[in-house]
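Peer 1: Sharing a structure below in structure tokens format, with a few things to ask.
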Amino acid sequence: MRFSAQLEARFERFLARYPQRRSALIPMLLYAQDEVGWLSPEVIAEIAGRLDLSVVEVESVISYYSMLRRRPAGKYHIQVCTNISCMLREAEPLFEHAREKLGIEPGEITEDGLFSLEEVECLGACSWAPAVQVNYDFHHEMTPEKLGALVDRLREKRP
Amino acid sequence: MAHPLEVRIISRRFGLPNSASIDTFLAHQGYEALRKALKMTPEAIIEEMKKSALRGRGGAGFPAGLKWGFVPRQSPRPRYVVCNADEGEPGTCKDRPLMEYDPHQLIEGILIAGLAVDSHQGFIYIRGEYRYLIDIMDRAIEEARGRGFLGKNILGSGFDFELATHTGAGSYECGEESALLESLEGKRGVPRIRPPFPAVAGLYQCPTVLNNVETYAAVPAIILNGGDWYHKLGTPKNGGTRLFALSGHVSRPGVYELPLGMPLRQMIYEVGGGIRGGRQLKAVIPGGSSTPVLTPEHLDVPMDFDSVAKAGSFLGSGGVIVMDEDTCMVKVALRLTEFYQHESCGWCLPCREGTLWLRKLLARFHAGAGVNADIGRAGELAENMLGHTFCPLGDAAAMPVISIVKQFRHEFEQHLNGRCPFEAKGARA
Ligand SMILES: Cc1cc2nc3c(=O)[nH]c(=O)nc-3n(C[C@H](O)[C@H](O)[C@H](O)COP(=O)(O)O)c2cc1C
Ligand code: FES
């Protein structure tokens, strides 16, 4: 299996970075996921092979980390923090609104493949609560209105 | 948007145009502390750090100079410097601006730690969600290398140091130092049994200095201005300033650099602008979600490590979470327990099962289906985790709940009528 030239270059940098190759495992998995969309059996086998690890060993690591996914997500993965500081700033109605607006439950993908939804733990944006992350982009001081407008904007961006 | 009560040391370059660039940094004393440290002995650097009374900003508040002094310098094995940028403690969002607005200050602090323990390699472990900060730090590292501040023979001194970022992938437990090292080695983030401590057997079982972002960020100012100067900014044994993240029901939530020892009242009512909507204060979590709650009777407590400990809580990560009179404390206990249950690595039975049972009990109780005996049981379940686990996550899960049961028993009793008394008011939290 081949990845993009850019990702291969990144992998090379990772492999040169650590005194022990295995340290590159989690970064390789996460950046491969960013490119492929999820950690498919092919991706897992490929990375395991490159690091001389068994597939089960890699799967065991994957299962530990909440950002590593063994199934696809939407093109825009919407993550709403409902932890304490966000909860105190009305994150729960915000999450409900996201659910209604997208018409999906957490873990599901919209029919057009554009959106998926997840309730997440503290994102490190507590002083700018409530916080939402779409893929890697932060959105601070969110309201149902702002979230609705963001979803509409992303929908229109469609090619 | 500095507040007049702020004392801006580590945040002094925030807000400058292009504050993250090396040129801005160099125009504002950047890498001058490194130049000075290159002429000092490791012992003198550590001595200055001890004088500063800088205590770890990641949570435990351990004196940084003391920790650096534990690293054996005669060891034949390489020594590592690791920076903890996992920032996962709910209520905490202060390492973010430090990396976003002043990445070179952090690099400089890490370099000085490298000099102090004779290390030649550092890693910055950054939580996976902070991808944009990984990019900012990577860029800054390249800039620093390009100008001779990283790499071989730094500034002609003969000192070599390499630095790289490392991404996490979603795990609160990986902020715990020994779990972080496991994760950095490419494994599941399960903590290690200590001793040995990382100073002796850390990354790849080699001696390792591990500190929080903010701890390293304070180092350049200490080396430039002296440990005594820094110590005096705070209170005895609690040197300096720190970035407090105010969140929750304050009028002006935000990250503010304040001297250690500022009274909680001043922090909430002057810096934070008081409780939003003019409501009454009910409770404060003073140091991130793992710390016991304080109440209005504690408003005069000086916010330093020792004073907050004397008041029965911890200064922790400096995340001050403020709750108003309409907050349901049972719900707060429930939401925190959900978090710890989700993040428990599952190794220690008291934590793995305790957080699960506690979550179930509190969920039932908050929904109005609890009985009186459950109140005592919640406290017992939490007490059973305390001190019975290999890492402090079990304690972190237990302490806030114990403190809520103790100080807000009446709120539990109000739930015995079949529903949550706060949701009826229309307040969800
Ligand atoms: C469950 C758990 C999570 C932690 N998360 C973090 C974190 O995200 N960042 C951090 O700096 N320290 C965290 N710590 C504290 C670290 O174990 C360690 O004490 C700290 O990084 C040492 O640096 P310092 O002395 O500069 O504070 C955590 C501790 C525990 C028990
Ligand atoms: S609690 Fe939501 S970002 Fe920290």
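For the structure tokens, the naming scheme is as follows: chains receive sequential letters (A, B, ...) according to their order of presentation, residues are indexed from 1 within each chain, and ligands are indexed from 1 in presentation order.
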Could you find all residues in stretch 274-427 of chain B that DSSP calls alpha helix (DSSP H) from the backbone, and write them as a ChimeraX atom specification?
Peer 2: /B:305-310,329-343,349-366,372-385,393-407,409-414
Peer 1: Store the residues picked out above in a file with C-alpha atoms, as an mmCIF file, in the first residue's frame.
Peer 2:
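Result file follows (out-v4.cif):
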data_model
loop_
_atom_site.group_PDB
_atom_site.id
_atom_site.type_symbol
_atom_site.label_atom_id
_atom_site.label_comp_id
_atom_site.auth_asym_id
_atom_site.auth_seq_id
_atom_site.Cartn_x
_atom_site.Cartn_y
_atom_site.Cartn_z
ATOM 1 C CA PHE B 305 -0.154 25.727 46.382
ATOM 2 C CA ASP B 306 0.222 25.640 50.151
ATOM 3 C CA SER B 307 -2.722 27.869 51.052
ATOM 4 C CA VAL B 308 -5.167 26.026 48.807
ATOM 5 C CA ALA B 309 -3.937 22.714 50.233
ATOM 6 C CA LYS B 310 -4.556 24.078 53.730
ATOM 7 C CA MET B 329 -23.825 19.830 42.276
ATOM 8 C CA VAL B 330 -25.082 16.258 41.822
ATOM 9 C CA LYS B 331 -24.908 16.819 38.109
ATOM 10 C CA VAL B 332 -21.391 18.242 38.425
ATOM 11 C CA ALA B 333 -20.329 15.107 40.332
ATOM 12 C CA LEU B 334 -21.992 12.954 37.672
ATOM 13 C CA ARG B 335 -20.384 14.690 34.709
ATOM 14 C CA LEU B 336 -16.924 14.522 36.263
ATOM 15 C CA THR B 337 -17.402 10.852 37.081
ATOM 16 C CA GLU B 338 -18.479 10.130 33.493
ATOM 17 C CA PHE B 339 -15.229 11.727 32.397
ATOM 18 C CA TYR B 340 -12.995 9.725 34.723
ATOM 19 C CA GLN B 341 -14.789 6.498 33.880
ATOM 20 C CA HIS B 342 -14.253 7.167 30.183
ATOM 21 C CA GLU B 343 -10.561 7.932 30.728
ATOM 22 C CA LEU B 349 -9.577 -2.483 39.688
ATOM 23 C CA PRO B 350 -10.640 0.201 42.213
ATOM 24 C CA CYS B 351 -10.485 2.871 39.503
ATOM 25 C CA ARG B 352 -11.917 0.839 36.642
ATOM 26 C CA GLU B 353 -14.873 -0.569 38.613
ATOM 27 C CA GLY B 354 -15.196 2.309 41.070
ATOM 28 C CA THR B 355 -15.715 4.951 38.406
ATOM 29 C CA LEU B 356 -18.244 2.698 36.636
ATOM 30 C CA TRP B 357 -20.328 1.978 39.726
ATOM 31 C CA LEU B 358 -20.125 5.563 40.854
ATOM 32 C CA ARG B 359 -21.263 6.809 37.449
ATOM 33 C CA LYS B 360 -24.234 4.463 37.458
ATOM 34 C CA LEU B 361 -25.197 5.437 40.980
ATOM 35 C CA LEU B 362 -24.931 9.176 40.322
ATOM 36 C CA ALA B 363 -26.820 8.921 37.018
ATOM 37 C CA ARG B 364 -29.678 7.125 38.760
ATOM 38 C CA PHE B 365 -29.569 9.569 41.623
ATOM 39 C CA HIS B 366 -29.565 12.659 39.455
ATOM 40 C CA ASN B 372 -31.145 8.025 50.969
ATOM 41 C CA ALA B 373 -28.562 5.265 51.474
ATOM 42 C CA ASP B 374 -27.114 6.041 48.035
ATOM 43 C CA ILE B 375 -25.660 9.308 49.344
ATOM 44 C CA GLY B 376 -23.422 7.471 51.783
ATOM 45 C CA ARG B 377 -22.673 4.837 49.146
ATOM 46 C CA ALA B 378 -21.448 7.460 46.690
ATOM 47 C CA GLY B 379 -18.990 8.681 49.295
ATOM 48 C CA GLU B 380 -17.905 5.122 50.112
ATOM 49 C CA LEU B 381 -17.329 4.201 46.479
ATOM 50 C CA ALA B 382 -15.172 7.261 46.060
ATOM 51 C CA GLU B 383 -13.271 6.636 49.308
ATOM 52 C CA ASN B 384 -12.502 3.142 48.051
ATOM 53 C CA MET B 385 -10.586 4.518 45.084
ATOM 54 C CA LEU B 393 -6.330 9.118 38.251
ATOM 55 C CA GLY B 394 -8.252 7.163 40.876
ATOM 56 C CA ASP B 395 -7.664 9.941 43.414
ATOM 57 C CA ALA B 396 -8.603 12.530 40.806
ATOM 58 C CA ALA B 397 -11.931 10.789 40.270
ATOM 59 C CA ALA B 398 -12.559 10.375 43.972
ATOM 60 C CA MET B 399 -11.651 13.732 45.454
ATOM 61 C CA PRO B 400 -14.173 16.039 43.790
ATOM 62 C CA VAL B 401 -17.019 13.603 44.488
ATOM 63 C CA ILE B 402 -16.055 13.166 48.134
ATOM 64 C CA SER B 403 -15.933 16.929 48.562
ATOM 65 C CA ILE B 404 -19.306 17.414 46.863
ATOM 66 C CA VAL B 405 -21.017 14.737 48.952
ATOM 67 C CA LYS B 406 -19.565 16.270 52.092
ATOM 68 C CA GLN B 407 -20.345 19.915 51.370
ATOM 69 C CA ARG B 409 -25.355 16.683 51.065
ATOM 70 C CA HIS B 410 -28.508 18.780 51.173
ATOM 71 C CA GLU B 411 -28.548 18.927 47.385
ATOM 72 C CA PHE B 412 -28.445 15.167 47.222
ATOM 73 C CA GLU B 413 -31.371 15.065 49.645
ATOM 74 C CA GLN B 414 -33.345 17.459 47.431
#
Peer 1: Please, which residues of chain A lie no more than 6 Å from chain B when the count uses only C-alpha atoms, and can they be set out as a PyMOL selection string?
Peer 2: chain A and resi 22-23+25-27+61+64-67+85+88+122+124-127
Peer 1: From a DSSP calculation on the backbone, collect every residue of stretch 223-419 of chain B in strand (DSSP E) and output the set as a list in words.
Peer 2: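 So, restricting stretch 223-419 of chain B to strand (DSSP E), we get Thr241, Arg242, Leu243, Phe244, Ala245, Leu246, Ser247, Gly248, Gly254, Val255, Tyr256, Glu257, Leu258, Pro259, Leu281, Lys282, Ala283, Val284, Ile285, Gly319, Val320, Ile321, Val322, Met323 and Asp324 of chain B.
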Peer 1: With distances taken over only C-alpha atoms, which of B:Ser290, B:Asn212, B:Thr24, B:Ser52 is nearest to B:Ala85?
Peer 2: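 Closest candidate: B:Asn212.
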Peer 1: Looking at only C-alpha atoms, which of A:Val80, A:Arg17, A:Glu12, A:Arg89 is the one that sits closest to A:Arg50?
Peer 2: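 With only C-alpha atoms as the atom set, the closest residue is A:Glu12.
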Peer 1: Please identify all polymer residues within 7 Å of A:Pro130, counting only C-alpha atoms, omitting same-chain residues fewer than 2 positions from it, and present them as number ranges by chain.
Peer 2: A: 81, 86, 89-91, 128, 132, 140-142
Peer 1: Counting only C-alpha atoms and all ligand atoms, which protein, DNA or RNA residues come within 8 Å of ligand 1, given as an MDAnalysis selection string?
Peer 2: chainID B and resid 55:64 67 83:89 172:178 210:216 317 391:393 396
Peer 1: Excluding B:Pro302 and its own-chain neighbours fewer than 2 positions away, which residues fall within 12 Å of it when counting only C-alpha atoms? Please give them as JSON, numbers by chain.
Peer 2: {"B": [234, 235, 236, 238, 258, 259, 260, 261, 262, 263, 264, 265, 266, 267, 286, 298, 299, 300, 304, 305, 306, 307, 308, 309, 310, 311, 314, 315]}
Peer 1: How many Å separate atom CA of A:Ile47 from atom CA of A:Leu7?
Peer 2: 12.4 Å
Peer 1: One decimal, Å: what's the distance from atom CA of B:Ala283 over to atom CA of B:Val371, could you say?
Peer 2: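 Atom-to-atom, atom CA of B:Ala283 to atom CA of B:Val371, that is 24.7 Å.
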Peer 1: Leaving out B:Gln205 and any residue of its chain fewer than 6 positions from it, which residues lie within 10 Å of it when counting only C-alpha atoms, given as a PDB file with C-alpha atoms, in the first residue's frame?
Peer 2:
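Printed below is part_20.pdb as written:
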ATOM      1  CA  ARG B  77      22.861   6.326  29.237  1.00  0.00           C
ATOM      2  CA  PRO B  78      21.507   9.331  27.344  1.00  0.00           C
ATOM      3  CA  ARG B  79      19.312  11.719  29.248  1.00  0.00           C
ATOM      4  CA  LEU B 181       6.323   7.983  28.447  1.00  0.00           C
ATOM      5  CA  PRO B 196      11.804   4.224  39.797  1.00  0.00           C
ATOM      6  CA  PHE B 197      10.757   7.764  38.901  1.00  0.00           C
ATOM      7  CA  PRO B 198      11.347   9.215  35.426  1.00  0.00           C
ATOM      8  CA  ALA B 199      14.354  11.205  36.677  1.00  0.00           C
TER       9      ALA B 199
END
